[in-house]
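Q: The structure follows.
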Amino acid sequence: MDEVLAVSGLSAGYRGRAVVRGIDLSLRRGDIVGLLGANGSGKSTLIRAITGQIPLIGGSVTVGGVDLAAAPQRAKASFGLAIEPHELPAPLSGRQYIQLVASIRRCAPHDLPSGDLPGGDLLERLELGRWIDRPIAEYSLGTRAKLAILAALLGRPPLLIFDETLNGLDPVAAWEVKRVITALCASGRHAAVVSTHVVEAVPALCSRAVLMAEGSLSRSWDAAQLAEAHRVPGAFEESVMQALRTRAAA
Amino acid sequence: MRHDRLVLILLRRELVAGLRAMRRRDLAWIGLGGGALLAYAIADIVLALHAAAPKLRDAQLLWTLGLPLTLAVLGALTGNAVSGLCLERAFAPFLKALPLAPGQRRHMAGRATLAIFVPLGVLVGVSAGFACAVIGKPLPGGWGLGAAIPFALGFGTAALWRLRRPRLLLDEVASETAPVGWPWLRRLDRARPRWLSSWAWRLPGGHLRPSWKMAAACLPLAVAAILGAWASLAGRTAGPAAVAGLAGGILVFMLSLRCQPLGSPVLRTAPIGFTRVWLRLVQLPLQLSLAFFLLPAGAALAAEPSAWAVPVAGGLWLLVLNGAYAVFGAYFLNAPFVAMMSFASALAYASYETLEYGRTVLLGLAALVFFLWHRARQRYRNG
């Protein structure tokens, strides 16, 4: 099956109040969807709903052909989420955290999609080698983000979800992570959702982009539009800002 | 000083934020249900005091030793908890950048501790005075004041001791990052999912750091086990050792169970169910609890082999109580102290009412356990 994520008519929120509504989204293997939006637009709520952290008020989420509400554990086995850096278990070392996630996903701690990547070992590419045996509490924000990304790739899940993970990375690590995401999705075995505020990174990284505003998808860009925007420096940012201004004025 | 009330402001804001985070329906349930239960408990206590008034009025040992000692211990425990709470806020990491000397932070914490003590002291005094009035003890006001004094002494001593040693708090924070101590948990913590107990117990790298706190917790438990075993062996009766084993076993379980990983997205977004994580978190505390139980239970069996059913029943009750507490621990996942107090209160209340109304009251306790289990599971699945 090529479709790894199908979101249909999704409404979700907190305490019965919908924060996001009417979301339709579909991802096939090879897709990289950039999720954009201002603070409070509902990006994180949408990701929480897709990953089963909050209940759906309406609609459905299917991950790898499995309905998230009906069989949450089976659906969760089909995605890897790079959790927010501050949510990592601080007392454990990086290696122990990887072993914890691997034992939950029932795979080996070295079961990473390194074969799909040029240049081999992910641990070294993300420069985690010298940190991996130290407690996570001692990590910088960027190192924590790299560890969260590494854990998301464990067991080679078909859907990879990055919730503002690129934001805390230094330029070298961000470039390396973008290369890893691109290479994994280009292999045709994975798809990725990248929620980010780094608007300028989207045209080069993503094959599609959607803009969230006030809890719904207000605009989308397909691969051709992104490629076109990528050719003119600043064109995509201008396009996003234009969409946000139009929305604010409406 | 400008920042004098900072700790109090932080505590008040945390309380308000906590209340605002709750659903109105839940708040209404807690307010109405708790209020009704409190009113019933007060009425019940008044009736019980009335019934036992003549006996209570003349119990010299109670008034001269039992009550002051109990209130002093209660005050010391409260003082330790309240001053720890205030110190944590005064030395909070986000306040590091403020130009405040450690002495000023201690002063802020001390002021907040004092502010919290005042209503608590008044509550203890008024309650004692009211109880004296109910049983017809002369000078109830004086007895109320007399009850507040040992409580204040216990509270003040513990709070001062803690406030003068903020290093203890800083050492605790440092121990979360420094992997020193015995690495024995590394070997015990390899069941799937791996490292869950190290995470729950906040042991850096599975290293258990010996501390005064741990020694202080272990010593009374060891003494209780030895005394229970000795009493049984000397009296050739299984009772004391079995009771020591049961009480100590549940205490070990309560002190060692930590469930905060149940709230983490690391587990909630992973392909693993609530029950499996919960059972895994319970596993090591249960082993510790049963290991403690074995010594007194063995002594009980040796003292009176024909009464083998007593330690066996004790073991079964230990399993049941551990299971019930594990549900409380999962429900109050970030507040083990609240879980312990709630469980102890629920158990004490159910035991008291059972004496009056028979065993049907235990069904209420079982229903409460199932309700908390259901809510904890729902929260794990749906946030």
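Identifiers in the structure tokens: chain A, B, ... in order shown; residue index from 1 per chain; ligand index from 1 in order shown.
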Show me, as a PyMOL selection string, the residues of chain B whose atoms get within 6 Å of chain A, using only C-alpha atoms for the distance check.
A: chain B and resi 176-177+192-194+202-205+269-272+382-383
Q: Using the chain letters and numbers from this document, which residues of segment 58-187 of chain A does DSSP assign to alpha helix (DSSP H), as a compact mmCIF listing (two decimals) with C-alpha atoms, in the first residue's frame?
A:
```
# COMPACT_ATOMS: atom_id res chain seq x y z
CA PRO A 72 -4.12 2.52 18.20
CA GLN A 73 -1.15 0.26 18.90
CA ARG A 74 -1.02 -1.18 15.39
CA ALA A 75 -1.40 2.27 13.86
CA LYS A 76 1.33 3.71 16.09
CA GLY A 94 21.05 8.58 24.80
CA ARG A 95 21.91 4.91 24.28
CA GLN A 96 19.45 3.83 26.96
CA TYR A 97 16.72 5.93 25.36
CA ILE A 98 17.42 4.32 22.00
CA GLN A 99 17.28 0.88 23.68
CA LEU A 100 14.00 1.83 25.39
CA VAL A 101 12.37 2.89 22.10
CA ALA A 102 13.81 -0.14 20.27
CA SER A 103 12.42 -2.52 22.89
CA ILE A 104 8.97 -0.88 22.61
CA ARG A 105 9.06 -1.10 18.80
CA LEU A 122 23.39 7.85 11.23
CA LEU A 123 24.90 8.17 14.69
CA GLU A 124 28.07 9.63 13.25
CA ARG A 125 26.27 11.71 10.63
CA LEU A 141 18.65 21.54 22.72
CA GLY A 142 20.16 20.61 19.35
CA THR A 143 21.63 17.33 20.63
CA ARG A 144 18.29 16.40 22.16
CA ALA A 145 16.56 17.15 18.85
CA LYS A 146 19.06 14.92 17.01
CA LEU A 147 18.42 12.09 19.47
CA ALA A 148 14.64 12.50 19.03
CA ILE A 149 15.11 12.28 15.26
CA LEU A 150 17.29 9.17 15.57
CA ALA A 151 14.68 7.49 17.80
CA ALA A 152 11.91 8.36 15.29
CA PRO A 171 23.03 24.88 10.56
CA VAL A 172 25.22 21.81 9.99
CA ALA A 173 22.86 19.46 11.83
CA ALA A 174 19.80 21.01 10.15
CA TRP A 175 21.41 20.50 6.74
CA GLU A 176 22.29 16.90 7.64
CA VAL A 177 18.76 16.16 8.92
CA LYS A 178 17.20 17.63 5.77
CA ARG A 179 19.50 15.43 3.66
CA VAL A 180 18.50 12.38 5.70
CA ILE A 181 14.76 13.11 5.33
CA THR A 182 15.12 13.75 1.58
CA ALA A 183 17.15 10.57 1.04
CA LEU A 184 14.76 8.40 3.10
CA CYS A 185 11.68 9.62 1.24
CA ALA A 186 13.47 9.42 -2.12
```
Q: Segment 18-26 of chain B: which residues within 12 Å, counting only C-alpha atoms, same-chain residues fewer than 6 positions away excluded, as an NGL selection string?
A: (:A and (14-17)) or (:B and (11-12 or 32-34 or 375))
Q: Save out the residues we just selected, C-alpha atoms, as an mmCIF file, in the first residue's frame.
A:
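The result, stored in part00.cif:
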```cif
data_model
loop_
_atom_site.group_PDB
_atom_site.id
_atom_site.type_symbol
_atom_site.label_atom_id
_atom_site.label_comp_id
_atom_site.auth_asym_id
_atom_site.auth_seq_id
_atom_site.Cartn_x
_atom_site.Cartn_y
_atom_site.Cartn_z
ATOM 1 C CA TYR A 14 -9.038 19.985 24.048
ATOM 2 C CA ARG A 15 -11.850 19.508 26.560
ATOM 3 C CA GLY A 16 -14.351 18.943 23.761
ATOM 4 C CA ARG A 17 -13.518 22.270 22.036
ATOM 5 C CA LEU B 11 2.727 28.600 44.395
ATOM 6 C CA ARG B 12 -0.563 30.484 44.017
ATOM 7 C CA LEU B 32 -19.463 18.730 45.646
ATOM 8 C CA GLY B 33 -18.342 15.155 46.260
ATOM 9 C CA GLY B 34 -15.418 16.174 48.460
ATOM 10 C CA ARG B 375 -9.561 7.213 34.013
#
```
Q: Could you find all residues in segment 80-114 of chain A that DSSP calls strand (DSSP E or B) from the backbone, and write them as a ChimeraX atom specification?
A: /A:80-82,93
Q: Which residues come within 12 Å of Ala335 of chain B, counting only C-alpha atoms, excluding same-chain residues fewer than 3 positions away, as a PyMOL selection string?
A: chain B and resi 254-255+257-260+263+328-332+338-342
Q: Mind giving me the straight-line distance from atom CA of Asp121 of chain A to atom CA of Gly188 of chain A in Å, one decimal?
A: 19.8 Å
Q: Report as a Markdown table: every residue of segment 298-364 of chain B with an atom at most 7 Å from segment 222-241 of chain B, its closest pair of atoms, and their distance in Å to one decimal, counting only C-alpha atoms, with rows sorted by chain and ascending residue number.
A:
```
| residue | atom | partner | partner_atom | distance |
| --- | --- | --- | --- | --- |
| B:Ala299 | CA | B:Ala229 | CA | 5.2 |
| B:Ala300 | CA | B:Ala238 | CA | 4.1 |
| B:Leu301 | CA | B:Ala238 | CA | 6.4 |
| B:Ala303 | CA | B:Arg236 | CA | 4.6 |
| B:Glu304 | CA | B:Thr237 | CA | 5.4 |
| B:Ala307 | CA | B:Ala238 | CA | 6.7 |
| B:Val310 | CA | B:Ala238 | CA | 6.8 |
```
